[in-house]
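**Student:** File entry.pdb follows (PDB, C-alpha atoms, pLDDT in the B column):
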ATOM      1  CA  MET E   1     -32.226  11.081  19.052  1.00 58.00           C
ATOM      2  CA  VAL E   2     -32.638   9.289  22.374  1.00 57.00           C
ATOM      3  CA  LYS E   3     -33.470  11.159  25.535  1.00 56.00           C
ATOM      4  CA  ILE E   4     -31.916   9.853  28.718  1.00 59.00           C
ATOM      5  CA  LEU E   5     -34.111  10.315  31.779  1.00 55.00           C
ATOM      6  CA  THR E   6     -32.415  11.892  34.740  1.00 58.00           C
ATOM      7  CA  SER E   7     -33.578  12.380  38.299  1.00 57.00           C
ATOM      8  CA  ASN E   8     -34.487  15.989  37.447  1.00 57.00           C
ATOM      9  CA  ASP E   9     -37.158  14.953  34.908  1.00 54.00           C
ATOM     10  CA  LYS E  10     -40.739  15.354  36.054  1.00 62.00           C
ATOM     11  CA  THR E  11     -42.750  12.171  35.668  1.00 63.00           C
ATOM     12  CA  GLN E  12     -46.228  11.261  36.814  1.00 61.00           C
ATOM     13  CA  SER E  13     -46.025   8.476  39.318  1.00 67.00           C
ATOM     14  CA  SER E  14     -49.627   8.148  40.460  1.00 77.00           C
ATOM     15  CA  PHE E  15     -53.153   8.279  39.086  1.00 81.00           C
ATOM     16  CA  GLU E  16     -56.157  10.078  40.443  1.00 82.00           C
ATOM     17  CA  PHE E  17     -59.622   8.746  39.738  1.00 86.00           C
ATOM     18  CA  VAL E  18     -62.440  11.270  39.802  1.00 87.00           C
ATOM     19  CA  CYS E  19     -66.125  10.395  39.834  1.00 90.00           C
ATOM     20  CA  ILE E  20     -68.246  13.076  38.155  1.00 85.00           C
ATOM     21  CA  GLU E  21     -71.188  12.094  40.373  1.00 88.00           C
ATOM     22  CA  GLU E  22     -69.179  13.182  43.413  1.00 90.00           C
ATOM     23  CA  LEU E  23     -68.324  16.576  41.901  1.00 91.00           C
ATOM     24  CA  VAL E  24     -71.943  17.707  41.426  1.00 90.00           C
ATOM     25  CA  PRO E  25     -73.853  18.423  44.649  1.00 93.00           C
ATOM     26  CA  GLN E  26     -76.996  16.350  45.246  1.00 93.00           C
ATOM     27  CA  ASN E  27     -79.216  19.452  45.422  1.00 94.00           C
ATOM     28  CA  HIS E  28     -77.887  21.010  42.190  1.00 94.00           C
ATOM     29  CA  LEU E  29     -80.475  22.489  39.805  1.00 94.00           C
ATOM     30  CA  LEU E  30     -79.411  20.249  36.907  1.00 93.00           C
ATOM     31  CA  ARG E  31     -79.862  17.105  39.028  1.00 94.00           C
ATOM     32  CA  LYS E  32     -83.404  18.238  39.853  1.00 95.00           C
ATOM     33  CA  ILE E  33     -84.194  18.866  36.183  1.00 95.00           C
ATOM     34  CA  ASP E  34     -82.790  15.460  35.210  1.00 92.00           C
ATOM     35  CA  LYS E  35     -84.864  13.770  37.911  1.00 94.00           C
ATOM     36  CA  TYR E  36     -88.217  15.212  36.819  1.00 95.00           C
ATOM     37  CA  ILE E  37     -87.932  15.680  33.048  1.00 95.00           C
ATOM     38  CA  ASP E  38     -87.543  12.816  30.594  1.00 96.00           C
ATOM     39  CA  PHE E  39     -85.946  14.257  27.466  1.00 96.00           C
ATOM     40  CA  SER E  40     -86.326  11.106  25.366  1.00 94.00           C
ATOM     41  CA  PHE E  41     -89.361  12.610  23.567  1.00 95.00           C
ATOM     42  CA  ILE E  42     -86.978  14.888  21.673  1.00 96.00           C
ATOM     43  CA  ARG E  43     -85.633  12.024  19.555  1.00 93.00           C
ATOM     44  CA  GLU E  44     -89.171  11.230  18.339  1.00 93.00           C
ATOM     45  CA  LYS E  45     -89.898  14.865  17.496  1.00 95.00           C
ATOM     46  CA  VAL E  46     -86.739  15.397  15.432  1.00 93.00           C
ATOM     47  CA  GLN E  47     -86.405  11.940  13.856  1.00 91.00           C
ATOM     48  CA  PRO E  48     -87.804  13.036  10.439  1.00 90.00           C
ATOM     49  CA  TYR E  49     -85.086  15.703  10.195  1.00 89.00           C
ATOM     50  CA  TYR E  50     -82.136  13.337  10.680  1.00 87.00           C
ATOM     51  CA  CYS E  51     -80.797  11.061   7.965  1.00 84.00           C
ATOM     52  CA  SER E  52     -79.479   7.752   9.271  1.00 78.00           C
ATOM     53  CA  ASP E  53     -77.477   6.679   6.191  1.00 84.00           C
ATOM     54  CA  ASN E  54     -76.003   9.828   4.671  1.00 83.00           C
ATOM     55  CA  GLY E  55     -73.243  12.100   5.896  1.00 82.00           C
ATOM     56  CA  ARG E  56     -71.465  12.307   9.189  1.00 84.00           C
ATOM     57  CA  PRO E  57     -73.088  11.076  12.379  1.00 83.00           C
ATOM     58  CA  SER E  58     -74.940  13.891  14.087  1.00 85.00           C
ATOM     59  CA  ILE E  59     -74.838  15.117  17.650  1.00 89.00           C
ATOM     60  CA  ASP E  60     -77.457  13.361  19.749  1.00 93.00           C
ATOM     61  CA  PRO E  61     -80.474  15.713  19.674  1.00 94.00           C
ATOM     62  CA  VAL E  62     -81.059  15.230  23.414  1.00 96.00           C
ATOM     63  CA  VAL E  63     -77.489  16.289  24.169  1.00 95.00           C
ATOM     64  CA  LEU E  64     -77.844  19.267  21.845  1.00 94.00           C
ATOM     65  CA  PHE E  65     -81.095  20.319  23.530  1.00 95.00           C
ATOM     66  CA  LYS E  66     -79.555  19.981  26.992  1.00 95.00           C
ATOM     67  CA  MET E  67     -76.597  22.119  25.914  1.00 95.00           C
ATOM     68  CA  ILE E  68     -78.963  24.848  24.722  1.00 95.00           C
ATOM     69  CA  LEU E  69     -81.022  24.591  27.920  1.00 95.00           C
ATOM     70  CA  ILE E  70     -77.942  24.888  30.124  1.00 95.00           C
ATOM     71  CA  GLY E  71     -76.799  27.878  28.086  1.00 96.00           C
ATOM     72  CA  TYR E  72     -80.182  29.531  28.616  1.00 96.00           C
ATOM     73  CA  LEU E  73     -80.319  28.780  32.347  1.00 95.00           C
ATOM     74  CA  TYR E  74     -76.794  30.027  33.024  1.00 95.00           C
ATOM     75  CA  GLY E  75     -76.718  32.927  30.538  1.00 96.00           C
ATOM     76  CA  ILE E  76     -74.086  31.339  28.310  1.00 94.00           C
ATOM     77  CA  ARG E  77     -74.420  32.914  24.863  1.00 88.00           C
ATOM     78  CA  SER E  78     -71.880  30.890  22.905  1.00 81.00           C
TER      79      SER E  78
END
Give the structure from the file, written as structure tokens.

**Tutor:**
Amino acid sequence: MVKILTSNDKTQSSFEFVCIEELVPQNHLLRKIDKYIDFSFIREKVQPYYCSDNGRPSIDPVVLFKMILIGYLYGIRS
């Protein structure tokens, strides 16, 4: 089946580029936390608990920790 486009069909004719950096205010709490805390130590602490050659790739432990931290700070339970 072939669909013939008519003038009534809705089509997207332009693109909008969004920069995430512009969406978050400069004085936002999470920017301040990111500026003063280096979370790279987490990878060292959890490295013995992650297997590099067996199973599916895991979620980056730093990302996982940040998700839990954000949930705690903003009262997000799930």

**Student:** Taking every listed atom of range 67-76 of chain E and adding 4 Å to each side, what centre and edge lengths in Å (one decimal) does the axis-aligned box have, as AutoDock Vina command-line options?

**Tutor:**
--center_x -77.6 --center_y 27.5 --center_z 28.9 --size_x 14.9 --size_y 18.8 --size_z 16.3

**Student:** Take CA of Asn27 in chain E and CA of Arg43 in chain E and report the distance between them in Å, one decimal.

**Tutor:** 27.7 Å

**Student:** At what distance in Å, to one decimal, does CA of Leu64 in chain E lie from CA of Gln47 in chain E?

**Tutor:** 13.8 Å

**Student:** Just the number, please: distance in Å from CA of Val46 in chain E to CA of Ile70 in chain E, one decimal.

**Tutor:**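 Computed distance, CA of Val46 in chain E to CA of Ile70 in chain E, equals 19.6 Å.
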
**Student:** Which one is closest to Asp34 in chain E: E:Ile76, E:Lys66, E:Glu22, E:Ser52? Count all atoms listed in the file.

**Tutor:**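 The closest residue to Asp34 in chain E is E:Lys66.
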
**Student:** From the options E:Val62, E:Cys51, E:Ile42, E:Leu30, which residue's atoms come nearest to Tyr74 in chain E, counting all atoms listed in the file?

**Tutor:**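 Nearest to Tyr74 in chain E: E:Leu30.
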